[in-house]
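Structure file final.cif (mmCIF, C-alpha atoms) is printed below.
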data_model
#
loop_
_atom_site.label_atom_id
_atom_site.label_comp_id
_atom_site.auth_asym_id
_atom_site.auth_seq_id
_atom_site.Cartn_x
_atom_site.Cartn_y
_atom_site.Cartn_z
CA MET A 1 -12.46 -10.57 16.45
CA ARG A 2 -13.38 -10.57 12.76
CA GLN A 3 -11.25 -12.24 10.13
CA PHE A 4 -11.09 -9.25 7.76
CA ASP A 5 -11.63 -5.52 7.72
CA VAL A 6 -11.69 -3.99 4.24
CA PHE A 7 -10.97 -0.30 3.75
CA VAL A 8 -11.83 1.16 0.35
CA PHE A 9 -10.27 4.60 -0.06
CA ASP A 10 -12.15 6.78 -2.55
CA GLU A 11 -11.03 10.40 -2.78
CA ASN A 12 -14.28 11.30 -4.54
CA TYR A 13 -16.54 9.94 -1.79
CA ASP A 14 -18.10 12.28 0.76
CA GLU A 15 -18.99 10.51 4.01
CA ALA A 16 -21.19 13.45 4.99
CA GLN A 17 -23.63 12.41 2.28
CA GLY A 18 -24.49 9.34 4.33
CA LYS A 19 -24.77 7.06 1.28
CA LEU A 20 -22.29 4.35 2.12
CA PRO A 21 -21.50 2.02 -0.81
CA GLN A 22 -22.23 -1.49 0.38
CA PRO A 23 -19.80 -4.43 0.38
CA PRO A 24 -20.07 -6.99 -2.44
CA PHE A 25 -21.31 -9.55 0.10
CA THR A 26 -22.19 -9.67 3.78
CA ASP A 27 -20.50 -11.92 6.30
CA PRO A 28 -20.01 -11.68 10.07
CA GLU A 29 -16.28 -12.15 9.43
CA LEU A 30 -16.14 -9.04 7.22
CA GLY A 31 -15.84 -5.43 8.36
CA TRP A 32 -16.39 -2.81 5.66
CA PHE A 33 -15.16 0.80 5.61
CA TYR A 34 -15.71 2.96 2.54
CA THR A 35 -14.13 6.35 3.08
CA ASN A 36 -12.04 9.22 1.76
CA ASP A 37 -10.26 9.62 5.10
CA TRP A 38 -7.33 7.23 5.43
CA ASN A 39 -6.98 7.54 9.21
CA ARG A 40 -10.49 8.22 10.49
CA HIS A 41 -11.56 4.62 11.10
CA LEU A 42 -8.26 2.92 11.96
CA ASP A 43 -9.15 2.83 15.64
CA GLU A 44 -12.27 0.82 14.73
CA ILE A 45 -10.27 -2.09 13.30
CA GLU A 46 -11.37 -5.46 14.65
CA GLY A 47 -10.24 -7.75 11.84
CA GLU A 48 -7.21 -9.95 12.22
CA TRP A 49 -6.21 -8.87 8.70
CA VAL A 50 -6.89 -5.51 7.08
CA VAL A 51 -7.18 -4.88 3.34
CA PHE A 52 -6.52 -1.35 2.08
CA ALA A 53 -7.84 -0.95 -1.46
CA HIS A 54 -8.70 1.48 -4.23
CA PRO A 55 -12.30 1.33 -5.60
CA SER A 56 -11.05 -0.20 -8.84
CA ILE A 57 -9.91 -3.34 -7.02
CA LYS A 58 -12.46 -6.16 -7.08
CA ILE A 59 -12.85 -7.30 -3.49
CA ASP A 60 -15.03 -10.42 -3.56
CA ARG A 61 -15.46 -13.61 -1.59
CA ASN A 62 -13.05 -15.60 -3.77
CA PHE A 63 -10.27 -13.08 -3.27
CA LEU A 64 -10.74 -12.98 0.50
CA ASN A 65 -10.82 -16.79 0.62
CA ASN A 66 -7.46 -16.75 -1.16
CA VAL A 67 -6.18 -14.18 1.31
CA ALA A 68 -7.28 -16.43 4.19
CA GLU A 69 -5.36 -19.37 2.72
CA VAL A 70 -2.22 -17.32 2.18
CA THR A 71 -2.23 -15.72 5.62
CA ASP A 72 -2.74 -19.15 7.22
CA GLY A 73 0.11 -20.54 5.12
CA PHE A 74 2.59 -17.83 6.14
CA PRO A 75 1.80 -17.10 9.80
CA MET A 76 5.08 -15.28 10.45
CA VAL A 77 4.46 -12.66 7.73
CA ASP A 78 2.93 -9.32 8.73
CA ALA A 79 1.77 -8.00 5.35
CA PHE A 80 1.11 -9.05 1.77
CA ALA A 81 1.34 -7.35 -1.61
CA PRO A 82 -1.21 -9.04 -3.89
CA ARG A 83 -0.51 -9.11 -7.59
CA ILE A 84 -3.06 -7.31 -9.74
CA ARG A 85 -4.50 -8.08 -13.16
CA THR A 86 -6.21 -5.22 -14.96
CA ASP A 87 -9.20 -5.63 -17.22
CA LYS A 88 -6.82 -5.62 -20.20
CA GLY A 89 -4.58 -8.28 -18.75
CA ASN A 90 -1.80 -5.99 -17.55
CA PHE A 91 0.26 -7.15 -14.58
CA LEU A 92 0.83 -4.90 -11.57
CA GLY A 93 3.03 -6.11 -8.74
CA GLY A 94 4.81 -5.01 -5.63
CA TYR A 95 8.05 -3.04 -5.48
CA LEU A 96 11.65 -3.56 -4.49
CA LEU A 97 14.03 -0.82 -3.46
CA LYS A 98 16.57 0.30 -6.02
CA PRO A 99 20.12 0.36 -4.61
CA ALA A 100 21.76 3.73 -3.97
CA SER A 101 24.44 2.86 -6.53
CA LYS A 102 21.71 2.92 -9.17
CA GLY A 103 19.99 6.07 -7.94
CA SER A 104 17.68 4.71 -5.21
CA GLY A 105 13.90 4.65 -5.68
CA PHE A 106 11.58 1.72 -6.38
CA VAL A 107 11.41 -0.92 -9.10
CA GLU A 108 8.40 -3.14 -9.80
CA ILE A 109 8.83 -6.89 -9.49
CA ASP A 110 8.66 -9.05 -12.57
CA GLU A 111 5.40 -10.75 -13.52
CA ASN A 112 7.03 -14.15 -13.01
CA ALA A 113 8.74 -13.28 -9.74
CA PRO A 114 8.71 -16.18 -7.25
CA LEU A 115 7.63 -16.04 -3.63
CA ARG A 116 9.59 -13.18 -2.15
CA TYR A 117 9.63 -10.26 0.26
CA VAL A 118 9.00 -6.81 -1.18
CA ALA A 119 9.49 -3.25 0.05
CA ALA A 120 6.05 -1.94 -0.93
CA PRO A 121 2.77 -3.04 -2.53
CA HIS A 122 1.16 -1.49 -5.57
CA PRO A 123 -0.37 1.87 -4.50
CA TYR A 124 -3.89 0.50 -4.97
CA LEU A 125 -3.78 -2.56 -2.70
CA GLY A 126 -2.04 -3.77 0.44
CA ILE A 127 -2.88 -6.27 3.20
CA PHE A 128 -1.61 -5.86 6.77
CA SER A 129 -2.11 -7.66 10.05
CA ARG A 130 -3.90 -5.75 12.78
CA ARG A 131 -0.94 -6.20 15.12
CA ILE A 132 1.54 -4.57 12.72
CA ILE A 133 -0.83 -1.67 12.04
CA GLN A 134 -1.00 -1.02 15.77
CA ARG A 135 2.79 -0.97 15.93
CA THR A 136 3.22 1.20 12.82
CA GLY A 137 0.59 3.91 13.41
CA GLY A 138 -1.48 5.80 10.87
CA PHE A 139 -0.97 7.01 7.32
CA ASP A 140 0.93 10.15 6.40
CA THR A 141 -1.87 12.07 4.69
CA THR A 142 0.46 14.91 3.70
CA LEU A 143 1.58 12.54 0.93
CA PRO A 144 -0.44 11.90 -2.24
CA GLU A 145 -2.65 8.82 -2.07
CA SER A 146 -0.39 6.97 -4.52
CA ALA A 147 2.51 7.21 -2.06
CA ARG A 148 0.82 6.37 1.25
CA LEU A 149 0.98 2.57 1.19
CA ALA A 150 4.68 2.62 0.28
CA ASP A 151 5.46 5.07 3.06
CA PHE A 152 3.40 3.01 5.52
CA THR A 153 5.16 -0.21 4.51
CA LEU A 154 8.64 1.23 4.96
CA ARG A 155 7.65 2.48 8.41
CA MET A 156 6.21 -0.98 9.09
CA MET A 157 9.60 -2.47 8.22
CA HIS A 158 11.24 -0.23 10.82
CA ALA A 159 8.60 -1.53 13.28
CA GLY A 160 9.76 -5.08 12.56
CA GLY A 161 7.22 -6.05 9.91
CA LYS A 162 7.81 -7.84 6.61
CA MET A 163 5.72 -7.80 3.42
CA PHE A 164 5.44 -10.88 1.20
CA SER A 165 4.46 -11.25 -2.45
CA VAL A 166 2.84 -14.55 -3.40
CA PRO A 167 2.42 -15.43 -7.11
CA TYR A 168 -0.98 -17.04 -6.62
CA LEU A 169 -2.49 -14.22 -4.55
CA VAL A 170 -3.96 -12.31 -7.48
CA VAL A 171 -6.87 -9.87 -7.66
CA GLN A 172 -8.75 -8.41 -10.60
CA ALA A 173 -9.00 -4.68 -11.24
CA THR A 174 -11.77 -3.70 -13.60
CA GLY A 175 -13.14 -0.43 -14.87
CA ASP A 176 -16.68 -1.75 -14.72
CA GLU A 177 -16.27 -2.66 -11.07
CA ALA A 178 -15.03 0.79 -10.15
CA GLU A 179 -17.87 2.40 -12.07
CA ALA A 180 -20.46 0.21 -10.34
CA VAL A 181 -19.14 0.91 -6.85
CA THR A 182 -18.31 4.59 -7.07
CA GLY A 183 -20.69 5.81 -9.75
CA ASN A 184 -17.78 7.27 -11.74
CA ASP A 185 -18.41 8.09 -15.36
CA CYS A 186 -16.35 6.39 -18.07
CA LYS A 187 -13.89 9.27 -18.42
CA GLU A 188 -13.24 9.41 -14.69
CA ASN A 189 -12.94 5.65 -14.53
CA ALA A 190 -10.42 5.58 -17.35
CA HIS A 191 -8.38 8.11 -15.38
CA ASN A 192 -8.44 5.77 -12.36
CA LEU A 193 -7.09 2.86 -14.38
CA ALA A 194 -4.44 5.05 -16.01
CA GLY A 195 -3.33 6.05 -12.53
CA MET A 196 -3.22 2.40 -11.48
CA ARG A 197 -0.98 1.45 -14.37
CA ALA A 198 1.28 4.39 -13.69
CA GLY A 199 2.02 3.06 -10.21
CA MET A 200 4.58 4.94 -8.18
CA ARG A 201 6.04 7.47 -10.61
CA ASP A 202 5.62 10.67 -8.62
CA LEU A 203 9.28 11.58 -8.19
CA LYS A 204 8.68 14.18 -5.49
CA SER A 205 6.70 11.74 -3.36
CA ILE A 206 9.32 9.04 -3.80
CA ALA A 207 12.02 11.48 -2.69
CA ILE A 208 10.07 12.30 0.47
CA ILE A 209 9.40 8.62 1.25
CA LEU A 210 13.07 7.73 0.86
CA SER A 211 14.13 10.68 2.99
CA LYS A 212 11.70 9.74 5.77
CA ALA A 213 12.68 6.08 5.80
CA PHE A 214 16.43 6.16 5.13
CA GLY A 215 17.60 9.77 5.25
CA ALA A 216 20.31 11.19 2.98
CA GLU A 217 21.71 7.72 2.29
CA ALA A 218 18.81 7.08 -0.10
CA SER A 219 17.42 10.54 -0.89
CA VAL A 220 20.71 12.10 -2.06
CA PRO A 221 21.42 9.46 -4.77
CA PHE A 222 17.81 9.76 -5.88
CA ALA A 223 18.09 13.56 -6.09
CA LEU A 224 21.31 13.32 -8.08
CA HIS A 225 19.49 11.18 -10.64
CA HIS A 226 16.37 13.37 -10.49
CA PRO A 227 17.44 17.00 -9.83
CA SER A 228 13.85 18.23 -10.04
CA VAL A 229 13.18 16.83 -6.55
CA ILE A 230 15.92 18.86 -4.84
CA PRO A 231 13.63 21.82 -3.96
CA THR A 232 11.13 19.34 -2.50
CA LEU A 233 13.78 17.78 -0.28
CA LEU A 234 14.95 21.19 0.92
CA ARG A 235 11.43 22.19 1.96
CA ASN A 236 10.08 21.06 5.36
CA HIS A 237 13.35 19.31 6.10
CA LYS A 238 13.04 19.77 9.85
CA GLN A 239 9.52 18.30 10.02
CA ARG A 240 10.57 15.35 7.85
CA LYS A 241 13.57 14.75 10.10
CA GLU A 242 11.25 14.55 13.10
CA LYS A 243 9.05 12.03 11.29
CA ARG A 244 12.10 9.94 10.42
CA LYS A 245 13.28 10.02 14.01
CA ALA A 246 9.87 8.86 15.24
CA ALA A 247 9.81 5.98 12.76
CA THR A 248 13.41 4.83 13.11
CA LEU A 249 14.43 5.60 16.70
CA LEU A 250 13.80 2.02 17.81
CA SER A 251 14.09 0.51 14.34
CA LYS A 252 14.01 -3.27 14.05
CA LEU A 253 14.97 -3.22 10.37
CA LYS A 254 18.00 -5.42 9.82
CA ALA A 255 20.59 -4.91 7.09
CA ASP A 256 20.22 -8.47 5.80
CA PHE A 257 16.47 -8.06 5.33
CA LEU A 258 16.97 -4.71 3.62
CA LYS A 259 19.14 -6.54 1.09
CA GLU A 260 16.29 -9.02 0.51
CA VAL A 261 13.95 -6.24 -0.60
CA THR A 262 16.52 -4.44 -2.73
CA SER A 263 16.92 -5.21 -6.44
CA HIS A 264 20.30 -6.19 -7.87
#
Produce structure tokens that represent the structure in this file.
Amino acid sequence: MRQFDVFVFDENYDEAQGKLPQPPFTDPELGWFYTNDWNRHLDEIEGEWVVFAHPSIKIDRNFLNNVAEVTDGFPMVDAFAPRIRTDKGNFLGGYLLKPASKGSGFVEIDENAPLRYVAAPHPYLGIFSRRIIQRTGGFDTTLPESARLADFTLRMMHAGGKMFSVPYLVVQATGDEAEAVTGNDCKENAHNLAGMRAGMRDLKSIAIILSKAFGAEASVPFALHHPSVIPTLLRNHKQRKEKRKAATLLSKLKADFLKEVTSH
């Protein structure tokens, strides 16, 4: 078994071209998957820990060494939400759930937040153990890419997993790095970083995620605060109900832990 498998998800990459961008370094403990298909290679996972990342995230030896230290230090945790620094010094963190009394949804943690559990990572980076991925399943690719890690993490919570945010597990996100890896031009690269800073602000996707994970208890308050999502929630309701049933039928998510990942 390898120590790490790294998945870099690039929507602009065509695997059929056969020109696989290479990892920043080679190591027998590192598996590398560069793809535009979020589910295609999940059955090839051999790493004890799996990193899911956007091309703008700088995955290097120092970062993975830090990941190794953190995962060894918290052996009972199933997933981690690294904190991100952009090339301009902006902070990007994980997310807590917003209580139904305040309209549901997600709220980003503070830059100075202590060690704590979170409900979702930033859309561009999440780390999960192989065992919890096997229990959770694949990604819902009907959702936009910016919503998939949050949806996966909430389903992971129903499968009994917990995600931790550690202040000293920090990674750099740079425009130059994304350009070097993907070959994006400056304009395209600037769009990537703008998307990164925007985080999870797609209201329709958030409504769907909340509906799948918690049903009307969370999606109705969110819709009342954001009426534009009501048509989205009314569409494909039956299919979404089936997905929720599959994810929550044998849910191990406890009410006390749900409070831990909800803002106040």
Exercise. Which of these, A:Val261, A:Ala53, A:Leu203, A:Ala16, has the shortest distance to Ile127 of chain A once you count all atoms listed in the file?
Worked result: A:Ala53
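A straight line drawn from atom CA of Val77 of chain A to atom CA of Ile209 of chain A is 22.8 Å long.
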Exercise. Hey, what's within 6 Å of segment 220-227 of chain A if we count only C-alpha atoms and toss same-chain stuff fewer than 2 positions away? As a PyMOL selection string, please?
Worked result: chain A and resi 100+103-104+216+218+229-230
For this session: Take atom CA of Tyr13 of chain A and atom CA of Asn90 of chain A and report the distance between them in Å, one decimal.
Result: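 For atom CA of Tyr13 of chain A relative to atom CA of Asn90 of chain A, the distance reads 26.8 Å.
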For this session: Select, from A:Gly126, A:Gly93, A:Pro82, A:Gly73, the residue with the minimum atom-to-atom distance to Val8 of chain A, counting only C-alpha atoms.
Result: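 Closest to Val8 of chain A, using only C-alpha atoms: A:Gly126.
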